[in-house]
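Pasting query.tsv here (TSV, C-alpha atoms and all ligand atoms):
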```
chain	number	residue	atom	x	y	z
J	1	MET	CA	0.00	0.00	0.00
J	2	SER	CA	1.25	3.46	-0.84
J	3	ASN	CA	2.02	5.67	2.10
J	4	ILE	CA	-0.05	8.86	1.78
J	5	LYS	CA	0.20	11.90	4.03
J	6	ASN	CA	-1.81	15.11	3.88
J	7	ASP	CA	-0.69	18.66	4.53
J	8	ILE	CA	2.86	17.84	5.57
J	9	SER	CA	6.05	19.85	5.99
J	10	LEU	CA	8.59	19.21	3.23
J	11	LEU	CA	11.48	20.06	5.55
J	12	PRO	CA	12.80	16.46	5.65
J	13	TYR	CA	12.42	16.10	1.88
J	14	ASN	CA	14.64	18.87	0.56
J	15	THR	CA	18.33	19.27	1.30
J	16	PHE	CA	18.05	23.10	1.23
J	17	ARG	CA	15.79	22.62	4.28
J	18	MET	CA	13.00	24.91	3.18
J	19	ASP	CA	10.11	24.60	5.60
J	20	VAL	CA	7.26	24.67	3.10
J	21	LYS	CA	4.18	22.45	3.02
J	22	ALA	CA	2.70	20.04	0.50
J	23	LYS	CA	-1.00	19.26	0.18
J	24	ILE	CA	-0.28	15.55	-0.35
J	25	PHE	CA	2.86	13.41	-0.10
J	26	ALA	CA	2.58	9.90	-1.54
J	27	GLU	CA	5.25	7.22	-1.45
J	28	TYR	CA	4.93	4.02	-3.48
J	29	SER	CA	6.74	0.69	-3.19
J	30	SER	CA	6.10	-0.81	-6.63
J	31	VAL	CA	5.43	0.28	-10.20
J	32	GLU	CA	1.86	-0.98	-9.76
J	33	GLU	CA	1.36	1.33	-6.78
J	34	LEU	CA	2.80	4.21	-8.79
J	35	ARG	CA	0.24	3.53	-11.54
J	36	GLU	CA	-2.56	3.54	-8.95
J	37	LEU	CA	-1.37	6.89	-7.58
J	38	LEU	CA	-1.22	8.39	-11.07
J	39	ASN	CA	-4.82	7.26	-11.60
J	40	GLN	CA	-6.01	8.46	-8.23
J	41	TYR	CA	-4.47	11.93	-8.60
J	42	ARG	CA	-5.17	12.54	-12.28
J	43	GLY	CA	-5.67	16.27	-12.85
J	44	GLU	CA	-3.71	17.28	-9.74
J	45	ARG	CA	-0.41	19.11	-9.92
J	46	LEU	CA	2.25	16.38	-9.60
J	47	LEU	CA	5.91	16.56	-8.66
J	48	HIS	CA	8.09	13.47	-8.40
J	49	ILE	CA	11.08	14.06	-6.15
J	50	GLY	CA	14.18	12.06	-5.33
J	51	ALA	CA	16.25	13.11	-2.33
J	52	GLY	CA	15.22	16.74	-2.94
J	53	SER	CA	18.89	17.59	-3.43
J	54	ASN	CA	18.55	19.61	-6.60
J	55	LEU	CA	15.51	21.74	-5.99
J	56	LEU	CA	14.43	24.87	-4.23
J	57	PHE	CA	10.88	24.96	-2.93
J	58	THR	CA	9.94	28.62	-3.30
J	59	LYS	CA	6.52	28.28	-1.63
J	60	ASP	CA	3.97	25.75	-0.38
J	61	PHE	CA	3.20	23.06	-2.95
J	62	ASP	CA	-0.49	22.85	-3.77
J	63	GLY	CA	-0.44	19.38	-5.26
J	64	VAL	CA	0.89	15.85	-4.90
J	65	ILE	CA	4.55	15.08	-4.21
J	66	LEU	CA	5.43	11.57	-5.35
J	67	HIS	CA	8.38	9.64	-3.96
J	68	SER	CA	9.67	6.14	-4.53
J	69	ALA	CA	10.39	3.67	-1.75
J	70	MET	CA	11.77	1.16	-4.30
J	71	ARG	CA	15.41	0.81	-3.32
J	72	ARG	CA	16.93	-2.32	-4.81
J	73	ALA	CA	19.43	-3.18	-7.50
J	74	ARG	CA	19.99	-6.37	-9.46
J	75	ALA	CA	22.38	-7.77	-12.06
J	76	LEU	CA	20.59	-8.34	-15.36
J	77	ASP	CA	23.23	-9.73	-17.65
J	78	GLU	CA	26.96	-9.87	-18.25
J	79	ASP	CA	29.49	-10.51	-20.94
J	80	GLY	CA	33.26	-10.96	-20.75
J	81	ASP	CA	34.00	-7.32	-19.94
J	82	THR	CA	30.84	-5.75	-18.57
J	83	VAL	CA	27.87	-6.26	-16.26
J	84	LEU	CA	24.41	-4.72	-16.63
J	85	ILE	CA	22.99	-3.55	-13.32
J	86	GLU	CA	19.40	-2.37	-12.97
J	87	ALA	CA	18.69	-0.03	-10.05
J	88	ASP	CA	15.34	1.16	-8.70
J	89	ASN	CA	14.68	4.91	-8.90
J	90	GLY	CA	14.53	5.39	-5.11
J	91	LEU	CA	17.90	3.81	-4.32
J	92	VAL	CA	20.39	6.35	-2.97
J	93	LEU	CA	22.93	6.78	-5.77
J	94	ASP	CA	25.91	6.70	-3.44
J	95	GLU	CA	24.72	3.48	-1.78
J	96	LEU	CA	24.65	1.88	-5.22
J	97	ILE	CA	28.14	3.19	-6.03
J	98	ALA	CA	29.52	1.94	-2.71
J	99	GLN	CA	28.19	-1.55	-3.48
J	100	LEU	CA	29.55	-1.51	-7.03
J	101	CYS	CA	33.01	-0.41	-5.88
J	102	ASP	CA	32.90	-3.12	-3.24
J	103	MET	CA	32.20	-5.67	-5.98
J	104	GLY	CA	35.12	-4.26	-8.00
J	105	LEU	CA	32.81	-2.99	-10.75
J	106	SER	CA	34.01	0.24	-12.27
J	107	GLY	CA	32.47	3.19	-14.14
J	108	MET	CA	30.67	5.14	-11.42
J	109	GLU	CA	33.39	5.60	-8.78
J	110	ASN	CA	34.02	9.23	-9.85
J	111	LEU	CA	30.35	9.97	-9.09
J	112	SER	CA	30.77	8.96	-5.45
J	113	TYR	CA	29.15	11.03	-2.73
J	114	ILE	CA	26.89	13.00	-5.07
J	115	PRO	CA	23.69	13.43	-3.07
J	116	GLY	CA	20.50	12.11	-4.62
J	117	GLU	CA	18.66	9.05	-5.81
J	118	VAL	CA	19.04	6.92	-8.93
J	119	GLY	CA	15.93	8.19	-10.78
J	120	ALA	CA	16.67	11.90	-10.40
J	121	SER	CA	20.35	11.41	-11.24
J	122	ALA	CA	19.29	10.04	-14.63
J	123	VAL	CA	17.02	13.04	-15.27
J	124	GLN	CA	19.74	15.51	-14.33
J	125	ASN	CA	22.70	13.62	-15.83
J	126	VAL	CA	24.75	14.28	-12.69
J	127	GLY	CA	28.47	14.53	-13.15
J	128	ALA	CA	31.73	14.95	-11.30
J	129	TYR	CA	35.47	14.50	-11.78
J	130	GLY	CA	35.31	13.87	-15.51
J	131	VAL	CA	32.40	11.38	-15.53
J	132	GLU	CA	28.69	11.91	-16.13
J	133	ALA	CA	25.82	9.51	-15.43
J	134	LYS	CA	25.23	9.27	-19.20
J	135	ASP	CA	28.63	7.58	-19.62
J	136	VAL	CA	27.35	4.48	-17.80
J	137	ILE	CA	23.60	4.56	-18.47
J	138	GLU	CA	22.54	1.86	-20.92
J	139	GLN	CA	18.81	2.48	-20.73
J	140	VAL	CA	16.15	4.07	-18.61
J	141	LYS	CA	12.77	2.51	-17.82
J	142	ALA	CA	9.92	4.93	-17.27
J	143	VAL	CA	6.17	5.08	-16.77
J	144	SER	CA	3.96	7.49	-18.69
J	145	VAL	CA	2.14	9.93	-16.41
J	146	ALA	CA	-0.74	10.13	-18.90
J	147	ASP	CA	-1.60	6.42	-19.13
J	148	GLY	CA	0.77	4.41	-16.91
J	149	THR	CA	2.36	2.49	-19.80
J	150	GLU	CA	6.01	1.53	-19.58
J	151	ARG	CA	8.56	2.89	-22.03
J	152	ILE	CA	12.23	2.03	-22.32
J	153	PHE	CA	14.56	4.83	-23.42
J	154	THR	CA	17.96	3.97	-24.85
J	155	ASN	CA	20.84	6.19	-23.77
J	156	GLU	CA	20.61	8.00	-27.11
J	157	GLU	CA	16.87	8.60	-26.73
J	158	CYS	CA	17.52	10.31	-23.38
J	159	LYS	CA	19.30	13.13	-25.33
J	160	TYR	CA	21.82	13.69	-22.59
J	161	GLY	CA	23.78	16.93	-22.34
J	162	TYR	CA	25.56	18.83	-19.56
J	163	ARG	CA	23.15	18.43	-16.60
J	164	ASP	CA	20.42	17.97	-19.17
J	165	SER	CA	18.17	15.33	-20.75
J	166	ILE	CA	14.92	14.87	-22.65
J	167	PHE	CA	13.20	14.56	-19.23
J	168	LYS	CA	14.02	18.22	-18.49
J	169	ASN	CA	12.88	19.40	-21.91
J	170	GLU	CA	10.27	18.00	-24.30
J	171	LEU	CA	9.23	15.19	-21.92
J	172	GLN	CA	9.28	17.27	-18.73
J	173	GLY	CA	6.57	15.99	-16.37
J	174	LYS	CA	5.48	13.35	-18.89
J	175	TYR	CA	7.39	10.31	-17.64
J	176	ILE	CA	8.54	9.00	-14.27
J	177	ILE	CA	11.80	7.09	-14.39
J	178	THR	CA	11.33	3.88	-12.42
J	179	HIS	CA	14.60	2.04	-13.14
J	180	VAL	CA	18.00	2.84	-14.56
J	181	VAL	CA	20.18	0.20	-16.23
J	182	TYR	CA	23.92	0.85	-16.03
J	183	ARG	CA	26.76	-0.89	-17.87
J	184	LEU	CA	29.73	-1.33	-15.55
J	185	ASN	CA	33.23	-2.59	-16.36
J	186	LYS	CA	34.69	-5.68	-14.78
J	187	ARG	CA	38.15	-4.29	-15.46
J	188	LEU	CA	39.06	-0.90	-14.04
J	189	GLU	CA	39.24	1.94	-16.56
J	190	PRO	CA	40.40	4.74	-14.29
J	191	LYS	CA	39.52	8.34	-15.18
J	192	LEU	CA	41.92	10.45	-13.18
J	193	ASP	CA	42.54	13.54	-15.32
J	194	TYR	CA	40.23	15.98	-13.49
J	195	GLY	CA	41.94	18.45	-11.12
J	196	ASN	CA	44.08	16.82	-8.44
J	197	LEU	CA	42.28	13.45	-8.53
J	198	ARG	CA	45.30	11.46	-9.74
J	199	SER	CA	47.55	12.64	-6.92
J	200	GLU	CA	44.77	12.21	-4.37
J	201	VAL	CA	44.34	8.56	-5.44
J	202	GLY	CA	48.06	7.86	-5.21
J	203	GLU	CA	49.75	4.58	-6.13
J	204	SER	CA	47.08	2.02	-5.40
J	205	VAL	CA	44.40	2.50	-8.04
J	206	SER	CA	41.09	0.63	-7.69
J	207	ALA	CA	37.42	1.54	-8.01
J	208	MET	CA	37.35	1.77	-4.22
J	209	SER	CA	40.51	3.89	-3.89
J	210	ILE	CA	39.16	6.32	-6.53
J	211	ARG	CA	35.84	6.46	-4.66
J	212	GLU	CA	37.64	7.24	-1.42
J	213	ALA	CA	39.76	9.96	-3.05
J	214	VAL	CA	36.68	11.59	-4.62
J	215	ILE	CA	34.94	11.57	-1.24
J	216	ARG	CA	37.97	13.22	0.42
J	217	ILE	CA	38.08	15.96	-2.25
J	218	ARG	CA	34.33	16.57	-2.03
J	219	GLN	CA	34.46	16.74	1.76
J	220	GLN	CA	37.14	19.42	1.60
J	221	LYS	CA	35.14	21.67	-0.74
J	222	LEU	CA	31.46	20.93	-0.52
J	223	PRO	CA	29.06	21.26	2.41
J	224	GLU	CA	27.87	18.01	3.97
J	225	VAL	CA	24.12	17.96	3.14
J	226	SER	CA	23.38	16.29	6.48
J	227	GLU	CA	24.91	19.29	8.28
J	228	ILE	CA	24.38	22.38	6.12
J	229	GLY	CA	21.36	22.98	3.91
J	230	SER	CA	22.28	23.26	0.23
J	231	ALA	CA	21.52	21.80	-3.18
J	232	GLY	CA	25.12	21.33	-4.35
J	233	SER	CA	26.18	23.53	-7.25
J	234	PHE	CA	23.51	26.19	-7.53
J	235	PHE	CA	24.56	27.34	-11.03
J	236	LYS	CA	25.73	25.60	-14.18
J	237	ASN	CA	29.12	26.43	-15.62
J	238	PRO	CA	28.44	28.69	-18.63
J	239	ILE	CA	29.56	27.56	-22.06
J	240	VAL	CA	30.44	30.38	-24.45
J	241	SER	CA	31.48	30.44	-28.10
J	242	ARG	CA	35.17	30.82	-28.96
J	243	THR	CA	34.50	34.31	-30.39
J	244	ASP	CA	32.76	35.43	-27.22
J	245	PHE	CA	35.53	33.95	-25.11
J	246	GLU	CA	38.18	35.86	-27.07
J	247	ALA	CA	36.19	39.09	-26.77
J	248	ILE	CA	35.87	38.61	-23.00
J	249	SER	CA	39.59	37.77	-22.59
J	250	ASN	CA	40.61	40.82	-24.64
J	251	ARG	CA	38.40	43.11	-22.63
J	252	LEU	CA	39.82	41.79	-19.33
J	253	ARG	CA	43.42	42.10	-20.49
J	254	ASP	CA	44.99	42.03	-17.02
J	255	ILE	CA	42.94	39.04	-15.77
J	256	THR	CA	43.55	35.49	-17.03
J	257	VAL	CA	40.21	33.75	-17.38
J	258	PRO	CA	40.32	29.99	-16.60
J	259	TYR	CA	38.57	27.83	-19.19
J	260	TYR	CA	38.06	24.28	-20.42
J	261	GLU	CA	37.70	23.48	-24.10
J	262	GLN	CA	34.80	21.21	-24.78
J	263	GLU	CA	32.31	20.10	-27.36
J	264	GLY	CA	30.10	23.03	-28.26
J	265	GLY	CA	32.33	25.81	-26.93
J	266	ILE	CA	34.42	26.98	-24.03
J	267	LYS	CA	33.39	26.28	-20.45
J	268	ILE	CA	34.22	28.96	-17.91
J	269	PRO	CA	34.03	27.93	-14.25
J	270	ALA	CA	31.08	29.78	-12.70
J	271	ALA	CA	32.86	29.46	-9.32
J	272	TRP	CA	35.65	31.67	-10.67
J	273	LEU	CA	33.25	34.27	-12.11
J	274	ILE	CA	31.36	34.44	-8.81
J	275	GLU	CA	34.55	34.71	-6.77
J	276	GLN	CA	35.83	37.53	-9.04
J	277	CYS	CA	32.62	39.43	-8.33
J	278	GLY	CA	33.38	39.23	-4.60
J	279	TRP	CA	30.55	36.93	-3.58
J	280	LYS	CA	32.55	34.21	-1.81
J	281	GLY	CA	31.24	34.00	1.77
J	282	LYS	CA	28.68	36.82	1.30
J	283	ILE	CA	25.38	36.52	3.19
J	284	VAL	CA	21.86	37.68	2.27
J	285	GLY	CA	19.37	37.05	5.10
J	286	GLY	CA	19.94	33.38	5.96
J	287	ALA	CA	21.52	32.48	2.60
J	288	GLN	CA	25.25	32.34	1.99
J	289	CYS	CA	27.56	31.96	-0.98
J	290	TYR	CA	29.66	29.07	0.35
J	291	PRO	CA	33.19	30.22	1.21
J	292	LYS	CA	34.93	26.99	0.13
J	293	GLN	CA	33.09	26.64	-3.22
J	294	PRO	CA	31.19	29.74	-4.34
J	295	LEU	CA	29.15	27.78	-6.90
J	296	VAL	CA	27.21	26.43	-3.93
J	297	LEU	CA	24.62	28.47	-2.01
J	298	VAL	CA	23.85	27.35	1.53
J	299	ASN	CA	21.15	27.83	4.12
J	300	THR	CA	22.94	29.08	7.25
J	301	GLY	CA	19.99	27.89	9.35
J	302	ASN	CA	17.01	30.14	8.85
J	303	ALA	CA	17.08	31.05	5.16
J	304	THR	CA	13.74	31.67	3.50
J	305	PRO	CA	13.23	30.74	-0.16
J	306	GLN	CA	13.30	34.47	-0.91
J	307	ASP	CA	16.77	34.84	0.68
J	308	ILE	CA	18.15	32.17	-1.66
J	309	ILE	CA	16.35	33.63	-4.68
J	310	THR	CA	17.64	37.15	-3.92
J	311	LEU	CA	21.23	36.01	-3.38
J	312	ALA	CA	21.14	33.94	-6.58
J	313	GLN	CA	19.68	36.82	-8.59
J	314	ASN	CA	22.24	39.30	-7.23
J	315	ILE	CA	25.07	36.93	-8.14
J	316	CYS	CA	23.72	36.43	-11.69
J	317	ASP	CA	23.31	40.19	-12.13
J	318	SER	CA	26.84	41.02	-11.01
J	319	VAL	CA	28.42	38.29	-13.19
J	320	LYS	CA	26.45	39.71	-16.12
J	321	ASP	CA	27.55	43.29	-15.32
J	322	LYS	CA	31.23	42.47	-14.84
J	323	PHE	CA	31.78	39.82	-17.52
J	324	GLY	CA	28.75	40.04	-19.83
J	325	ILE	CA	28.16	36.34	-19.17
J	326	THR	CA	24.79	34.89	-18.20
J	327	ILE	CA	24.92	32.14	-15.58
J	328	SER	CA	21.78	30.17	-14.87
J	329	PRO	CA	20.64	27.98	-11.98
J	330	GLU	CA	21.21	24.25	-12.09
J	331	VAL	CA	18.75	23.94	-9.21
J	332	ASN	CA	15.05	23.64	-10.12
J	333	TYR	CA	12.80	26.30	-8.64
J	334	ILE	CA	9.46	24.79	-7.62
J	401	LIG	N1	37.12	27.92	-8.70
J	401	LIG	C1	37.38	29.20	-8.23
J	401	LIG	N2	37.17	29.44	-6.90
J	401	LIG	C2	36.74	28.48	-6.04
J	401	LIG	C3	36.48	27.19	-6.52
J	401	LIG	C4	36.68	26.93	-7.87
J	401	LIG	O1	37.78	30.09	-8.96
J	401	LIG	O2	36.59	28.78	-4.85
J	401	LIG	C5	37.34	27.64	-10.14
J	401	LIG	C6	38.75	27.15	-10.39
J	401	LIG	O3	39.18	27.70	-11.62
J	401	LIG	C7	38.54	25.63	-10.52
J	401	LIG	C8	37.20	25.60	-11.21
J	401	LIG	O4	36.45	26.65	-10.61
J	401	LIG	O5	39.54	25.04	-11.29
J	401	LIG	C9	36.45	24.29	-11.10
J	401	LIG	O6	36.14	24.02	-9.75
J	401	LIG	P1	35.67	22.57	-9.28
J	401	LIG	O7	36.65	21.54	-9.71
J	401	LIG	O8	35.32	22.64	-7.83
J	401	LIG	O9	34.38	22.27	-10.16
J	401	LIG	P2	33.13	23.13	-10.62
J	401	LIG	O10	33.20	23.30	-12.10
J	401	LIG	O11	33.00	24.38	-9.81
J	401	LIG	C10	31.68	21.05	-11.15
J	401	LIG	C11	30.32	20.49	-10.83
J	401	LIG	C12	30.32	19.89	-9.44
J	401	LIG	C13	31.35	18.78	-9.39
J	401	LIG	C14	32.72	19.39	-9.74
J	401	LIG	C15	33.80	18.34	-9.82
J	401	LIG	C16	28.77	21.86	-12.08
J	401	LIG	C17	27.66	22.85	-12.00
J	401	LIG	N3	29.32	21.54	-10.92
J	401	LIG	O12	31.93	22.13	-10.27
J	401	LIG	O13	29.05	19.30	-9.25
J	401	LIG	O14	31.41	18.16	-8.13
J	401	LIG	O15	32.64	20.02	-11.04
J	401	LIG	O16	33.62	17.56	-10.93
J	401	LIG	O17	29.10	21.39	-13.17
J	401	LIG	C18	26.86	19.64	-8.39
J	401	LIG	O18	26.46	19.55	-9.54
J	401	LIG	O19	26.08	19.83	-7.41
J	401	LIG	C19	28.30	19.58	-8.13
J	401	LIG	C20	28.82	19.78	-6.92
```
Rewrite the coordinates I just gave you, this time as structure tokens.
Amino acid sequence: MSNIKNDISLLPYNTFRMDVKAKIFAEYSSVEELRELLNQYRGERLLHIGAGSNLLFTKDFDGVILHSAMRRARALDEDGDTVLIEADNGLVLDELIAQLCDMGLSGMENLSYIPGEVGASAVQNVGAYGVEAKDVIEQVKAVSVADGTERIFTNEECKYGYRDSIFKNELQGKYIITHVVYRLNKRLEPKLDYGNLRSEVGESVSAMSIREAVIRIRQQKLPEVSEIGSAGSFFKNPIVSRTDFEAISNRLRDITVPYYEQEGGIKIPAAWLIEQCGWKGKIVGGAQCYPKQPLVLVNTGNATPQDIITLAQNICDSVKDKFGITISPEVNYI
């Protein structure tokens, strides 16, 4: 039976710790129960959440919040080099990665310690330390909100991009991802080129030692979601054209702008832009631009949604004024 609650506080369900209310909160334990809920609440405003680690509730939610209590994973198939693992949407991503590293299966170790659940991570195409979820996703199983039918999306059909997928664009709100199938390597293919990861891993290289190094790096820079309210990176790193990048660099002659060449243009670290504008550590009401990683906004304890929105808007405006670059939130405003 689905677990349904009325008029509840969403405080435990969002890592920013916004104390807003939802009219209904419904948690299901099987795809069948999910279908029943979709039927029961047809016509209502629906929002499916994972760990609530990439959203900002801006006000009370006058509708139905759906959440999955399906939290298992299973091996589906294997060949000489790889194993297919299917994970339920409600499994905590990092719990899955810990198990995979323990089994010596490689591919997701660089994604260690990212907050969130399997389903949402496949919508958002989470990424860290040179790996994105799309690099290991084989297919995604989803249920249509309109009629409850199942559809399987190949990796290609998910149209993955930087923190982006078809589920955030043309199919937004139309499907609920119920399972994600990953292809993992039996033999380690280490990806150690991002930042100081290689030196942090040291001599003994295994899926588990990479996982541990990633966790150490993240703990040095990023707030622990269990201790400080945040939603990880608040903004996406902007990608500009080569012409725009050259114009910006010429204009800022005495400042060297850091950049990463990549498909589709030049990525400029938003953290650097924000720091240059003097926002590191700045506070607006209860919201703060995190001193150790200015791409992250945190709730110092009593932030209102408006504090976060104001701080974010002020940061965007000053980056635009100083550099002519538009940065946009990675976090979803609800
Ligand atoms: N930087 C600064 N000042 C700082 C911190 C960073 O100028 O205080 C600049 C430096 O030039 C640094 C660059 O920003 O080289 C990149 O910093 P970092 O390696 O911390 O990564 P990021 O681009 O800021 C992205 C992801 C993170 C992910 C890290 C590591 C996005 C929006 N964020 O941050 O993801 O952990 O790379 O791979 O792409 C998240 O999405 O919630 C998240 C934390």
Next on the checklist: Report as a PyMOL selection string all protein, DNA and RNA residues lying within 9 Å of range 81-85 of chain J, evaluated on only C-alpha atoms, omitting residues in the same chain fewer than 5 positions from it.
Outcome noted: chain J and resi 73-76+105+138+180-187
Selection above as a file: C-alpha atoms, as a PDB file, in the frame of the given file:
```pdb
ATOM      1  CA  ALA J  73      19.430  -3.180  -7.500  1.00  0.00           C
ATOM      2  CA  ARG J  74      19.990  -6.370  -9.460  1.00  0.00           C
ATOM      3  CA  ALA J  75      22.380  -7.770 -12.060  1.00  0.00           C
ATOM      4  CA  LEU J  76      20.590  -8.340 -15.360  1.00  0.00           C
ATOM      5  CA  LEU J 105      32.810  -2.990 -10.750  1.00  0.00           C
ATOM      6  CA  GLU J 138      22.540   1.860 -20.920  1.00  0.00           C
ATOM      7  CA  VAL J 180      18.000   2.840 -14.560  1.00  0.00           C
ATOM      8  CA  VAL J 181      20.180   0.200 -16.230  1.00  0.00           C
ATOM      9  CA  TYR J 182      23.920   0.850 -16.030  1.00  0.00           C
ATOM     10  CA  ARG J 183      26.760  -0.890 -17.870  1.00  0.00           C
ATOM     11  CA  LEU J 184      29.730  -1.330 -15.550  1.00  0.00           C
ATOM     12  CA  ASN J 185      33.230  -2.590 -16.360  1.00  0.00           C
ATOM     13  CA  LYS J 186      34.690  -5.680 -14.780  1.00  0.00           C
ATOM     14  CA  ARG J 187      38.150  -4.290 -15.460  1.00  0.00           C
TER      15      ARG J 187
END
```
Next on the checklist: Just want the 6 Å neighbourhood of Gln124 in chain J, counted on only C-alpha atoms, with same-chain residues fewer than 3 positions away dropped. Output as a ChimeraX atom specification.
Outcome noted: /J:121,163-164
Item to check | Å distance separating CA of Thr304 in chain J from CA of Ser233 in chain J, one decimal place | outcome: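 One can read the CA of Thr304 in chain J to CA of Ser233 in chain J distance as 18.3 Å.
In this structure, CA of Tyr194 in chain J sits 8.9 Å away from atom O15 of ligand LIG 401 (chain J).
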Checklist entry - Using all atoms listed in the file, what residues lie at most 8 Å away from (9.3, 10.1, -18.5) (file coordinates), given as a PyMOL selection string? => result chain J and resi 142-145+167+171-177
Checklist entry - Hey, what's within 12 Å of Ile24 in chain J if we count only C-alpha atoms and toss same-chain stuff fewer than 6 positions away? As a ChimeraX atom specification, please? => result /J:3-10,37,41,44-48,60-67
Got time to write the residues from that selection, C-alpha atoms, as a PDB file, in the frame of the given file?
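So the final result, stored in out04.pdb, reads:
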```pdb
ATOM      1  CA  ASN J   3       2.020   5.670   2.100  1.00  0.00           C
ATOM      2  CA  ILE J   4      -0.050   8.860   1.780  1.00  0.00           C
ATOM      3  CA  LYS J   5       0.200  11.900   4.030  1.00  0.00           C
ATOM      4  CA  ASN J   6      -1.810  15.110   3.880  1.00  0.00           C
ATOM      5  CA  ASP J   7      -0.690  18.660   4.530  1.00  0.00           C
ATOM      6  CA  ILE J   8       2.860  17.840   5.570  1.00  0.00           C
ATOM      7  CA  SER J   9       6.050  19.850   5.990  1.00  0.00           C
ATOM      8  CA  LEU J  10       8.590  19.210   3.230  1.00  0.00           C
ATOM      9  CA  LEU J  37      -1.370   6.890  -7.580  1.00  0.00           C
ATOM     10  CA  TYR J  41      -4.470  11.930  -8.600  1.00  0.00           C
ATOM     11  CA  GLU J  44      -3.710  17.280  -9.740  1.00  0.00           C
ATOM     12  CA  ARG J  45      -0.410  19.110  -9.920  1.00  0.00           C
ATOM     13  CA  LEU J  46       2.250  16.380  -9.600  1.00  0.00           C
ATOM     14  CA  LEU J  47       5.910  16.560  -8.660  1.00  0.00           C
ATOM     15  CA  HIS J  48       8.090  13.470  -8.400  1.00  0.00           C
ATOM     16  CA  ASP J  60       3.970  25.750  -0.380  1.00  0.00           C
ATOM     17  CA  PHE J  61       3.200  23.060  -2.950  1.00  0.00           C
ATOM     18  CA  ASP J  62      -0.490  22.850  -3.770  1.00  0.00           C
ATOM     19  CA  GLY J  63      -0.440  19.380  -5.260  1.00  0.00           C
ATOM     20  CA  VAL J  64       0.890  15.850  -4.900  1.00  0.00           C
ATOM     21  CA  ILE J  65       4.550  15.080  -4.210  1.00  0.00           C
ATOM     22  CA  LEU J  66       5.430  11.570  -5.350  1.00  0.00           C
ATOM     23  CA  HIS J  67       8.380   9.640  -3.960  1.00  0.00           C
TER      24      HIS J  67
END
```
Checklist entry - What does the distance from atom C11 of ligand LIG 401 (chain J) to CA of Asp19 in chain J come to in Å, to one decimal? => result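 About the pair atom C11 of ligand LIG 401 (chain J) and CA of Asp19 in chain J: they are 26.4 Å apart.
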Could I get the residues of chain J with an atom no further than 6 Å from an atom of ligand LIG 401 (chain J), each paired with its nearest atom pair and that distance in Å to one decimal, using only C-alpha atoms and all ligand atoms, sorted by chain and residue number, as JSON lines?
```
{"residue": "J:Ala128", "atom": "CA", "partner": "J:LIG401", "partner_atom": "O16", "distance": 3.2}
{"residue": "J:Tyr129", "atom": "CA", "partner": "J:LIG401", "partner_atom": "O16", "distance": 3.7}
{"residue": "J:Gly232", "atom": "CA", "partner": "J:LIG401", "partner_atom": "O19", "distance": 3.5}
{"residue": "J:Ser233", "atom": "CA", "partner": "J:LIG401", "partner_atom": "O19", "distance": 3.7}
{"residue": "J:Phe235", "atom": "CA", "partner": "J:LIG401", "partner_atom": "C17", "distance": 5.5}
{"residue": "J:Lys236", "atom": "CA", "partner": "J:LIG401", "partner_atom": "C17", "distance": 4.0}
{"residue": "J:Asn237", "atom": "CA", "partner": "J:LIG401", "partner_atom": "C17", "distance": 5.3}
{"residue": "J:Pro258", "atom": "CA", "partner": "J:LIG401", "partner_atom": "O3", "distance": 5.6}
{"residue": "J:Pro269", "atom": "CA", "partner": "J:LIG401", "partner_atom": "O4", "distance": 4.6}
{"residue": "J:Ala271", "atom": "CA", "partner": "J:LIG401", "partner_atom": "N1", "distance": 4.6}
{"residue": "J:Trp272", "atom": "CA", "partner": "J:LIG401", "partner_atom": "O1", "distance": 3.2}
{"residue": "J:Glu275", "atom": "CA", "partner": "J:LIG401", "partner_atom": "N2", "distance": 5.9}
{"residue": "J:Lys292", "atom": "CA", "partner": "J:LIG401", "partner_atom": "O2", "distance": 5.5}
{"residue": "J:Gln293", "atom": "CA", "partner": "J:LIG401", "partner_atom": "O2", "distance": 4.4}
{"residue": "J:Pro294", "atom": "CA", "partner": "J:LIG401", "partner_atom": "O2", "distance": 5.5}
{"residue": "J:Leu295", "atom": "CA", "partner": "J:LIG401", "partner_atom": "O11", "distance": 5.9}
```
Please, which residues in range 51-93 of chain J fall within 12 Å of range 224-227 of chain J when counting only C-alpha atoms, and what is the closest atom pair and distance in Å to one decimal for each, ordered by chain then residue number, as a tab-separated table?
```
residue	atom	partner	partner_atom	distance
J:Ala51	CA	J:Val225	CA	10.7
J:Gly52	CA	J:Val225	CA	10.8
J:Ser53	CA	J:Val225	CA	8.4
J:Asn54	CA	J:Val225	CA	11.3
```
Checklist entry - What's the 12 Å shell around Glu32 in chain J, counting only C-alpha atoms, without same-chain residues fewer than 3 positions away, as a list in words? => result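 In the requested form, the answer reads Met1, Ser2, Tyr28, Ser29, Arg35, Glu36, Leu37, Leu38, Asn39, Ser68, Met70, Val143, Gly148, Thr149, Glu150 and Thr178 of chain J.
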Item to check | Option closest in space to Ser249 in chain J, from J:Gly50, J:Gly130, J:Gly324, J:Pro12 [counting all atoms listed in the file] | outcome: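 Closest to Ser249 in chain J of all the choices is J:Gly324.
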Checklist entry - Which neighbours of Ala287 in chain J fall inside 6 Å, counting only C-alpha atoms, when residues of the same chain fewer than 3 positions from it are skipped, and could you give them as a list in words? => result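 Here the answer would be Ile283, Val284, Val298, Asn299, Thr300, Ala303, Asp307 and Ile308 of chain J.
Counting all atoms listed in the file and comparing J:Arg17, J:Thr58, J:Pro115, J:Gly265, the residue that lies closest to Glu246 in chain J is J:Gly265.
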Checklist entry - What would the list of residues within 12 Å of (18.0, 1.2, -1.3) (file frame) look like as an MDAnalysis selection string, if all atoms listed in the file are what count? => result chainID J and resid 29 68:74 87:99 116:119
